[in-house]
file start_18.txt (compact mmCIF, C-alpha atoms)
# COMPACT_ATOMS: atom_id res chain seq x y z
CA ILE J 108 29.05 108.88 55.21
CA ARG J 109 31.38 111.90 54.97
CA ILE J 110 31.61 111.47 51.20
CA GLU J 111 27.79 111.41 50.95
CA ARG J 112 27.52 114.66 52.98
CA ILE J 113 30.08 116.40 50.76
CA SER J 114 28.21 115.25 47.66
CA LEU J 115 24.95 116.57 49.07
CA VAL J 116 26.49 120.00 49.79
CA ILE J 117 27.91 120.21 46.26
CA PHE J 118 24.54 119.20 44.80
CA MET J 119 22.69 121.89 46.79
CA LYS J 120 25.16 124.58 45.71
CA ILE J 121 24.72 123.64 42.06
CA LYS J 122 20.93 123.78 42.44
CA SER J 123 21.21 127.23 44.06
CA VAL J 124 23.33 128.54 41.21
CA ARG J 125 20.86 127.22 38.66
CA LEU J 126 17.96 128.85 40.53
CA ILE J 127 19.72 132.24 40.63
CA GLN J 128 20.40 132.05 36.89
CA PHE J 129 16.68 131.87 36.15
CA LEU J 130 15.59 134.68 38.47
CA PRO J 131 14.55 137.90 36.67
CA LYS J 132 17.13 140.67 36.77
CA ASN J 133 15.02 142.81 39.11
CA ALA J 134 14.31 139.97 41.55
CA ILE J 135 16.78 141.29 44.12
CA ARG J 136 16.21 142.97 47.44
CA MET J 137 15.42 146.60 46.71
CA ASN J 138 16.84 149.39 48.84
CA GLU J 139 13.90 151.41 50.17
CA MET J 140 16.01 154.57 49.84
CA ASP J 141 15.94 154.10 46.06
CA PHE J 142 12.38 155.42 46.12
CA LYS J 143 13.11 158.47 48.29
CA ALA J 144 13.59 161.83 46.58
CA ASP J 145 16.13 164.21 48.09
CA GLU J 146 16.05 168.01 47.86
CA LYS J 147 18.09 168.24 44.66
CA TYR J 148 15.40 166.31 42.79
CA TYR J 149 13.18 169.39 43.00
CA HIS J 150 15.75 171.66 41.30
CA LEU J 151 16.85 170.01 38.05
CA GLU J 152 17.72 171.10 34.52
CA SER J 153 18.23 169.41 31.17
CA GLU J 154 19.36 171.12 27.96
CA ARG J 155 16.19 173.10 27.19
CA LEU J 156 14.02 172.39 30.21
CA SER J 157 14.04 172.95 33.95
CA TYR J 158 12.09 171.04 36.58
CA ARG J 159 10.74 172.25 39.92
CA ALA J 160 8.41 171.11 42.68
CA LEU J 161 4.72 171.47 41.95
CA THR J 162 2.42 173.70 44.00
CA ILE J 163 -1.37 173.73 44.18
CA GLU J 164 -1.25 177.06 42.31
CA ASP J 165 -0.02 175.15 39.24
CA CYS J 166 -3.56 173.81 38.76
CA SER J 167 -4.52 176.86 36.71
CA LEU J 168 -1.52 176.29 34.42
CA TRP J 169 -2.21 172.56 34.07
CA LEU J 170 -5.97 172.83 33.54
CA PRO J 171 -5.78 173.39 29.71
CA PHE J 172 -4.37 169.86 29.40
CA PHE J 173 -7.82 168.50 30.27
CA ASP J 174 -9.36 170.13 27.20
CA ASP J 175 -7.21 167.79 25.08
CA THR J 176 -9.76 164.99 25.11
CA PRO J 177 -7.89 162.44 22.93
CA SER J 178 -4.93 162.41 25.34
CA LEU J 179 -7.01 161.83 28.46
CA ARG J 180 -7.89 158.23 27.63
CA PHE J 181 -4.17 157.37 27.74
CA LEU J 182 -4.04 158.49 31.38
CA GLY J 183 -6.92 156.63 32.96
CA MET J 184 -9.20 159.64 33.21
CA GLY J 185 -12.17 157.42 32.40
CA SER J 186 -11.57 155.23 35.43
CA SER J 187 -13.73 155.16 38.55
CA ILE J 188 -11.08 157.22 40.37
CA PHE J 189 -12.15 160.30 38.39
CA GLU J 190 -15.82 159.40 37.95
CA GLY J 191 -18.18 162.35 38.30
CA MET J 192 -15.38 164.93 38.37
CA ASN J 193 -15.18 167.96 36.12
CA ASN J 194 -11.88 168.98 34.52
CA ALA J 195 -10.90 171.34 37.32
CA GLN J 196 -11.44 168.62 39.92
CA LYS J 197 -9.45 166.08 37.89
CA CYS J 198 -6.63 168.58 37.53
CA GLU J 199 -6.54 169.32 41.26
CA LYS J 200 -6.66 165.62 42.16
CA TRP J 201 -3.71 164.89 39.85
CA ILE J 202 -1.52 167.64 41.25
CA SER J 203 -2.61 166.92 44.83
CA ARG J 204 -1.39 163.33 44.39
CA GLN J 205 2.06 164.63 43.43
CA LEU J 206 2.06 166.91 46.46
CA GLU J 207 1.28 163.88 48.64
CA ARG J 208 4.25 162.06 47.15
CA GLN J 209 6.44 165.09 47.83
CA LYS J 210 5.22 165.23 51.44
CA ASP J 211 5.93 161.50 51.85
CA GLY J 212 9.43 162.02 50.48
CA VAL J 213 9.04 159.65 47.52
CA TYR J 214 9.54 160.34 43.83
CA GLY J 215 6.68 162.07 42.00
CA GLN J 216 6.09 164.36 39.05
CA LEU J 217 7.54 167.85 38.75
CA ALA J 218 6.57 170.98 36.86
CA VAL J 219 8.30 171.27 33.48
CA ILE J 220 9.46 174.76 32.47
CA GLU J 221 10.60 175.77 28.99
CA LYS J 222 13.87 177.63 29.58
CA SER J 223 13.64 179.89 26.52
CA THR J 224 10.25 181.32 27.55
CA GLY J 225 9.92 180.51 31.25
CA LYS J 226 6.55 178.93 30.50
CA PHE J 227 5.02 176.00 32.33
CA ILE J 228 4.56 173.29 29.68
CA GLY J 229 3.60 170.16 31.61
CA LEU J 230 4.50 167.54 34.19
CA ALA J 231 7.33 165.00 34.20
CA GLY J 232 9.60 163.05 36.47
CA LEU J 233 10.03 159.75 38.24
CA ILE J 234 7.17 158.03 40.05
CA ALA J 235 7.73 155.42 42.74
CA ARG J 236 5.31 152.60 41.92
CA PHE J 237 3.94 150.19 44.53
CA GLU J 238 0.92 148.78 42.67
CA GLU J 239 0.17 145.08 42.27
CA ASN J 240 1.65 144.63 38.78
CA ILE J 241 4.44 147.17 39.19
CA ASN J 242 5.55 146.89 42.80
CA LYS J 243 8.78 148.61 43.80
CA GLU J 244 9.50 150.10 40.39
CA LEU J 245 10.62 153.57 39.35
CA GLU J 246 8.74 154.91 36.34
CA VAL J 247 9.84 157.62 33.89
CA THR J 248 6.71 159.71 33.23
CA TYR J 249 5.60 162.86 31.44
CA SER J 250 2.52 164.66 30.12
CA LEU J 251 2.93 167.84 28.09
CA LEU J 252 0.55 170.59 27.05
CA LYS J 253 -0.44 170.42 23.38
CA GLU J 254 1.66 173.42 22.35
CA ALA J 255 4.82 171.84 23.78
CA ARG J 256 4.63 168.67 21.69
CA GLY J 257 6.55 167.97 18.51
CA LYS J 258 9.69 169.74 19.75
CA GLY J 259 11.58 166.74 21.07
CA TYR J 260 10.93 167.69 24.69
CA ALA J 261 9.45 164.30 25.57
CA THR J 262 12.58 162.47 24.41
CA GLU J 263 14.86 164.98 26.14
CA LEU J 264 13.18 164.68 29.52
CA ALA J 265 12.70 160.91 29.27
CA ILE J 266 16.43 160.38 28.71
CA PHE J 267 17.24 162.89 31.45
CA PHE J 268 15.13 161.15 34.10
CA ARG J 269 16.33 157.71 33.03
CA ASP J 270 19.90 158.83 33.59
CA TYR J 271 18.99 160.57 36.85
CA ALA J 272 17.47 157.34 38.17
CA PHE J 273 20.54 155.29 37.31
CA GLU J 274 22.92 157.88 38.74
CA ASN J 275 21.02 158.37 42.00
CA THR J 276 19.61 154.92 42.85
CA SER J 277 20.86 151.34 42.88
CA LEU J 278 17.84 149.99 40.98
CA PRO J 279 18.75 147.58 38.16
CA SER J 280 16.15 149.04 35.79
CA VAL J 281 13.51 151.72 35.24
CA ILE J 282 10.22 151.48 33.39
CA SER J 283 7.57 153.43 31.51
CA ILE J 284 3.91 152.31 31.58
CA ILE J 285 2.16 153.20 28.32
CA HIS J 286 -1.40 152.76 27.02
CA GLN J 287 -1.38 150.16 24.26
CA ASP J 288 -2.73 152.70 21.73
CA ASN J 289 -0.33 155.50 22.65
CA PHE J 290 2.12 155.03 19.79
CA PRO J 291 3.95 158.40 20.14
CA SER J 292 4.88 157.54 23.75
CA MET J 293 5.99 154.07 22.66
CA ASN J 294 8.33 155.73 20.17
CA VAL J 295 9.75 157.92 22.94
CA ALA J 296 10.29 154.86 25.15
CA GLU J 297 12.19 153.12 22.35
CA LYS J 298 14.33 156.23 21.80
CA ASN J 299 15.03 156.03 25.52
CA GLY J 300 16.50 152.56 25.00
CA MET J 301 13.52 150.75 26.51
CA GLN J 302 12.09 147.46 25.30
CA PRO J 303 8.49 146.23 25.62
CA GLU J 304 8.02 143.68 28.36
CA ASN J 305 4.60 142.61 29.63
CA GLU J 306 1.03 143.84 29.21
CA PHE J 307 -1.59 144.23 31.94
CA GLU J 308 -4.42 146.48 33.11
CA LEU J 309 -3.83 149.60 35.20
CA ILE J 310 -6.68 151.81 36.48
CA GLY J 311 -8.93 150.37 33.82
CA MET J 312 -6.50 150.82 30.93
CA PRO J 313 -4.72 148.22 28.79
CA VAL J 314 -1.04 149.12 29.20
CA ARG J 315 2.37 147.89 28.16
CA CYS J 316 5.45 148.02 30.36
CA TYR J 317 8.67 149.23 28.73
CA ARG J 318 11.93 148.64 30.60
CA ILE J 319 15.62 149.46 30.34
CA TYR J 320 18.38 147.87 32.42
CA ARG J 321 21.62 149.52 33.39
call {"tool": "encode", "arguments": {"input": "start_18.txt", "output": "structure tokens"}}
result
Amino acid sequence: IRIERISLVIFMKIKSVRLIQFLPKNAIRMNEMDFKADEKYYHLESERLSYRALTIEDCSLWLPFFDDTPSLRFLGMGSSIFEGMNNAQKCEKWISRQLERQKDGVYGQLAVIEKSTGKFIGLAGLIARFEENINKELEVTYSLLKEARGKGYATELAIFFRDYAFENTSLPSVISIIHQDNFPSMNVAEKNGMQPENEFELIGMPVRCYRIYR
């Protein structure tokens, strides 16, 4: 009887090891603090850019982005969330959402400032995701004004926030969620060392998840 009990224990341990081997890398218990932004997050710099907390006054600086119609479809602006809103209302809703994240103490987008000119050129940063298909994930995000594109800023800030996430959280990976037709952003994700993972729908858009592990 003792031999049978020992054999059963050994068998259960082997089964447990096999089960762990087939779990996805991010199927571990997440530390809730990994999604909390501390004060230093709102005062950051990369080589050519600086990042600060958004204010509601930034709406006037961000509003021109909404005249760039081709880019809006990559950001879910056609979804029911923004239905019936004019550009000014969409702009205010976007920035207000980031202010809510800041108030809640979780990661959200920041204002991006071009160091050489001091100009506001867009939004970027980490977003704590708790949606159905991307629950408890940290996403590297950015959206730049038209005049700030083509200068390598997207790649610079994407790498910067990837590294910031790995240096300041214990998460095993970070992601970027990209519209399936947004090829420039896919290129940036690949330059950031990310690989395509799964595809799903988010706020009415067909998107692809890119991920990089530590």
call {"tool": "closest_residue", "arguments": {"input": "start_18.txt", "among": "J:Lys298, J:Lys253, J:Lys143, J:His286", "to": "Ala265 (chain J)", "atoms": "all atoms listed in the file"}}
result
J:Lys298
call {"tool": "residues_around", "arguments": {"input": "start_18.txt", "residues": "region 223-234 of chain J", "least_positions_apart": "5", "cutoff": "8 Å", "atoms": "only C-alpha atoms", "output": "PyMOL selection string"}}
result
chain J and resi 155+168-169+213-218+245-252+254-255+264+268+272
call {"tool": "write_last_selection", "arguments": {"input": "start_18.txt", "atoms": "C-alpha atoms", "output": "tab-separated table (two decimals), in the frame of the given file"}}
result
chain	number	residue	atom	x	y	z
J	155	ARG	CA	16.19	173.10	27.19
J	168	LEU	CA	-1.52	176.29	34.42
J	169	TRP	CA	-2.21	172.56	34.07
J	213	VAL	CA	9.04	159.65	47.52
J	214	TYR	CA	9.54	160.34	43.83
J	215	GLY	CA	6.68	162.07	42.00
J	216	GLN	CA	6.09	164.36	39.05
J	217	LEU	CA	7.54	167.85	38.75
J	218	ALA	CA	6.57	170.98	36.86
J	245	LEU	CA	10.62	153.57	39.35
J	246	GLU	CA	8.74	154.91	36.34
J	247	VAL	CA	9.84	157.62	33.89
J	248	THR	CA	6.71	159.71	33.23
J	249	TYR	CA	5.60	162.86	31.44
J	250	SER	CA	2.52	164.66	30.12
J	251	LEU	CA	2.93	167.84	28.09
J	252	LEU	CA	0.55	170.59	27.05
J	254	GLU	CA	1.66	173.42	22.35
J	255	ALA	CA	4.82	171.84	23.78
J	264	LEU	CA	13.18	164.68	29.52
J	268	PHE	CA	15.13	161.15	34.10
J	272	ALA	CA	17.47	157.34	38.17
call {"tool": "atom_distance", "arguments": {"input": "start_18.txt", "atom1": "CA of Arg236 (chain J)", "atom2": "CA of Lys222 (chain J)"}}
result
29.2 Å
call {"tool": "closest_residue", "arguments": {"input": "start_18.txt", "among": "J:Gly311, J:Pro177, J:Gly191, J:Gly259", "to": "Glu154 (chain J)", "atoms": "all atoms listed in the file"}}
result
J:Gly259
call {"tool": "atom_distance", "arguments": {"input": "start_18.txt", "atom1": "CA of Ser153 (chain J)", "atom2": "CA of Glu263 (chain J)"}}
result
7.5 Å
call {"tool": "residues_around", "arguments": {"input": "start_18.txt", "residues": "Phe290 (chain J)", "least_positions_apart": "5", "cutoff": "12 Å", "atoms": "all atoms listed in the file", "output": "list in words"}}
result
Ser178, Phe181, Ile285, Val295, Ala296, Glu297, Val314 and Arg315 of chain J
call {"tool": "axis_aligned_box", "arguments": {"input": "start_18.txt", "around": "region 293-304 of chain J", "padding_each_side": "5 Å", "output": "JSON"}}
result
{"center_x": 11.2, "center_y": 150.8, "center_z": 24.3, "size_x": 20.5, "size_y": 24.2, "size_z": 18.2}
call {"tool": "atom_distance", "arguments": {"input": "start_18.txt", "atom1": "CA of Asp270 (chain J)", "atom2": "CA of Leu206 (chain J)"}}
result
23.4 Å
call {"tool": "residues_near_point", "arguments": {"input": "start_18.txt", "point": "(17.7, 150.6, 45.4)", "cutoff": "8 Å", "atoms": "only C-alpha atoms", "output": "ChimeraX atom specification"}}
result
/J:137-142,276-279
call {"tool": "closest_residue", "arguments": {"input": "start_18.txt", "among": "J:Leu309, J:Ala195, J:Val219, J:Cys166", "to": "Gln287 (chain J)", "atoms": "all atoms listed in the file"}}
result
J:Leu309
call {"tool": "closest_residue", "arguments": {"input": "start_18.txt", "among": "J:Asn289, J:Thr262, J:Asn193, J:Asn299", "to": "Arg180 (chain J)", "atoms": "all atoms listed in the file"}}
result
J:Asn289
call {"tool": "closest_residue", "arguments": {"input": "start_18.txt", "among": "J:Thr162, J:Ser187, J:Asn275, J:Asn194", "to": "Asp175 (chain J)", "atoms": "all atoms listed in the file"}}
result
J:Asn194
call {"tool": "closest_residue", "arguments": {"input": "start_18.txt", "among": "J:Phe173, J:Tyr320, J:Ile202, J:Asp288", "to": "Gln302 (chain J)", "atoms": "only C-alpha atoms"}}
result
J:Tyr320
call {"tool": "decode", "arguments": {"input": "start_18.txt", "residues": "region 264-295 of chain J", "atoms": "N, CA, C and O atoms", "output": "mmCIF file, in the first residue's frame"}}
result
data_model
loop_
_atom_site.group_PDB
_atom_site.id
_atom_site.type_symbol
_atom_site.label_atom_id
_atom_site.label_comp_id
_atom_site.auth_asym_id
_atom_site.auth_seq_id
_atom_site.Cartn_x
_atom_site.Cartn_y
_atom_site.Cartn_z
ATOM 1 N N LEU J 264 10.026 56.100 -29.466
ATOM 2 C CA LEU J 264 9.180 56.061 -28.265
ATOM 3 C C LEU J 264 8.668 54.648 -27.972
ATOM 4 O O LEU J 264 8.492 54.282 -26.801
ATOM 5 N N ALA J 265 8.457 53.849 -29.025
ATOM 6 C CA ALA J 265 7.991 52.474 -28.798
ATOM 7 C C ALA J 265 9.054 51.667 -28.049
ATOM 8 O O ALA J 265 8.747 50.948 -27.088
ATOM 9 N N ILE J 266 10.300 51.794 -28.470
ATOM 10 C CA ILE J 266 11.402 51.103 -27.788
ATOM 11 C C ILE J 266 11.556 51.625 -26.366
ATOM 12 O O ILE J 266 11.771 50.865 -25.417
ATOM 13 N N PHE J 267 11.422 52.939 -26.211
ATOM 14 C CA PHE J 267 11.572 53.553 -24.890
ATOM 15 C C PHE J 267 10.534 53.003 -23.907
ATOM 16 O O PHE J 267 10.876 52.611 -22.783
ATOM 17 N N PHE J 268 9.273 52.961 -24.318
ATOM 18 C CA PHE J 268 8.229 52.505 -23.391
ATOM 19 C C PHE J 268 8.254 50.991 -23.193
ATOM 20 O O PHE J 268 7.880 50.508 -22.120
ATOM 21 N N ARG J 269 8.722 50.264 -24.191
ATOM 22 C CA ARG J 269 8.937 48.818 -23.981
ATOM 23 C C ARG J 269 9.949 48.604 -22.870
ATOM 24 O O ARG J 269 9.721 47.826 -21.935
ATOM 25 N N ASP J 270 11.070 49.305 -22.967
ATOM 26 C CA ASP J 270 12.121 49.161 -21.961
ATOM 27 C C ASP J 270 11.655 49.661 -20.601
ATOM 28 O O ASP J 270 11.985 49.063 -19.559
ATOM 29 N N TYR J 271 10.896 50.750 -20.599
ATOM 30 C CA TYR J 271 10.388 51.280 -19.321
ATOM 31 C C TYR J 271 9.510 50.234 -18.635
ATOM 32 O O TYR J 271 9.619 50.032 -17.419
ATOM 33 N N ALA J 272 8.656 49.575 -19.406
ATOM 34 C CA ALA J 272 7.769 48.553 -18.838
ATOM 35 C C ALA J 272 8.571 47.411 -18.226
ATOM 36 O O ALA J 272 8.281 46.964 -17.107
ATOM 37 N N PHE J 273 9.587 46.948 -18.919
ATOM 38 C CA PHE J 273 10.367 45.823 -18.416
ATOM 39 C C PHE J 273 11.229 46.209 -17.218
ATOM 40 O O PHE J 273 11.503 45.387 -16.355
ATOM 41 N N GLU J 274 11.640 47.466 -17.164
ATOM 42 C CA GLU J 274 12.477 47.925 -16.054
ATOM 43 C C GLU J 274 11.669 48.275 -14.812
ATOM 44 O O GLU J 274 12.212 48.298 -13.698
ATOM 45 N N ASN J 275 10.376 48.536 -14.981
ATOM 46 C CA ASN J 275 9.580 49.031 -13.854
ATOM 47 C C ASN J 275 8.398 48.143 -13.479
ATOM 48 O O ASN J 275 7.613 48.508 -12.589
ATOM 49 N N THR J 276 8.240 47.007 -14.138
ATOM 50 C CA THR J 276 7.201 46.050 -13.766
ATOM 51 C C THR J 276 7.806 44.649 -13.781
ATOM 52 O O THR J 276 8.925 44.453 -14.249
ATOM 53 N N SER J 277 7.041 43.686 -13.294
ATOM 54 C CA SER J 277 7.480 42.290 -13.335
ATOM 55 C C SER J 277 6.753 41.503 -14.415
ATOM 56 O O SER J 277 6.841 40.277 -14.462
ATOM 57 N N LEU J 278 6.021 42.194 -15.289
ATOM 58 C CA LEU J 278 5.272 41.513 -16.343
ATOM 59 C C LEU J 278 6.215 40.753 -17.278
ATOM 60 O O LEU J 278 7.286 41.250 -17.618
ATOM 61 N N PRO J 279 5.812 39.569 -17.736
ATOM 62 C CA PRO J 279 6.673 38.778 -18.611
ATOM 63 C C PRO J 279 6.712 39.287 -20.042
ATOM 64 O O PRO J 279 7.615 38.937 -20.804
ATOM 65 N N SER J 280 5.728 40.133 -20.421
ATOM 66 C CA SER J 280 5.675 40.605 -21.804
ATOM 67 C C SER J 280 4.890 41.901 -21.875
ATOM 68 O O SER J 280 4.163 42.263 -20.945
ATOM 69 N N VAL J 281 5.030 42.614 -22.999
ATOM 70 C CA VAL J 281 4.179 43.762 -23.311
ATOM 71 C C VAL J 281 3.677 43.584 -24.739
ATOM 72 O O VAL J 281 4.245 42.826 -25.519
ATOM 73 N N ILE J 282 2.615 44.313 -25.061
ATOM 74 C CA ILE J 282 1.973 44.125 -26.350
ATOM 75 C C ILE J 282 1.769 45.456 -27.070
ATOM 76 O O ILE J 282 1.917 46.532 -26.478
ATOM 77 N N SER J 283 1.403 45.363 -28.345
ATOM 78 C CA SER J 283 0.837 46.476 -29.103
ATOM 79 C C SER J 283 -0.339 45.913 -29.895
ATOM 80 O O SER J 283 -0.219 44.848 -30.514
ATOM 81 N N ILE J 284 -1.476 46.604 -29.860
ATOM 82 C CA ILE J 284 -2.678 46.194 -30.580
ATOM 83 C C ILE J 284 -2.802 47.081 -31.810
ATOM 84 O O ILE J 284 -2.903 48.299 -31.687
ATOM 85 N N ILE J 285 -2.801 46.465 -32.997
ATOM 86 C CA ILE J 285 -2.702 47.226 -34.240
ATOM 87 C C ILE J 285 -3.783 46.794 -35.230
ATOM 88 O O ILE J 285 -4.012 45.593 -35.426
ATOM 89 N N HIS J 286 -4.428 47.770 -35.844
ATOM 90 C CA HIS J 286 -5.413 47.494 -36.903
ATOM 91 C C HIS J 286 -4.743 46.674 -37.996
ATOM 92 O O HIS J 286 -3.582 46.926 -38.364
ATOM 93 N N GLN J 287 -5.458 45.709 -38.530
ATOM 94 C CA GLN J 287 -4.865 44.778 -39.486
ATOM 95 C C GLN J 287 -4.441 45.421 -40.809
ATOM 96 O O GLN J 287 -3.707 44.809 -41.587
ATOM 97 N N ASP J 288 -4.876 46.663 -41.060
ATOM 98 C CA ASP J 288 -4.456 47.371 -42.272
ATOM 99 C C ASP J 288 -3.407 48.449 -41.988
ATOM 100 O O ASP J 288 -2.992 49.154 -42.909
ATOM 101 N N ASN J 289 -3.013 48.576 -40.739
ATOM 102 C CA ASN J 289 -2.069 49.630 -40.362
ATOM 103 C C ASN J 289 -0.629 49.114 -40.484
ATOM 104 O O ASN J 289 0.034 48.806 -39.496
ATOM 105 N N PHE J 290 -0.146 49.040 -41.702
ATOM 106 C CA PHE J 290 1.162 48.443 -41.970
ATOM 107 C C PHE J 290 2.335 49.253 -41.398
ATOM 108 O O PHE J 290 3.311 48.655 -40.918
ATOM 109 N N PRO J 291 2.301 50.591 -41.417
ATOM 110 C CA PRO J 291 3.400 51.341 -40.793
ATOM 111 C C PRO J 291 3.572 51.011 -39.308
ATOM 112 O O PRO J 291 4.700 50.855 -38.827
ATOM 113 N N SER J 292 2.458 50.885 -38.582
ATOM 114 C CA SER J 292 2.559 50.549 -37.152
ATOM 115 C C SER J 292 3.025 49.113 -36.941
ATOM 116 O O SER J 292 3.715 48.811 -35.963
ATOM 117 N N MET J 293 2.678 48.224 -37.867
ATOM 118 C CA MET J 293 3.189 46.856 -37.790
ATOM 119 C C MET J 293 4.706 46.849 -37.947
ATOM 120 O O MET J 293 5.405 46.109 -37.253
ATOM 121 N N ASN J 294 5.200 47.685 -38.853
ATOM 122 C CA ASN J 294 6.651 47.780 -39.042
ATOM 123 C C ASN J 294 7.335 48.287 -37.776
ATOM 124 O O ASN J 294 8.413 47.797 -37.399
ATOM 125 N N VAL J 295 6.725 49.264 -37.117
ATOM 126 C CA VAL J 295 7.285 49.785 -35.870
ATOM 127 C C VAL J 295 7.304 48.688 -34.803
ATOM 128 O O VAL J 295 8.296 48.529 -34.081
#
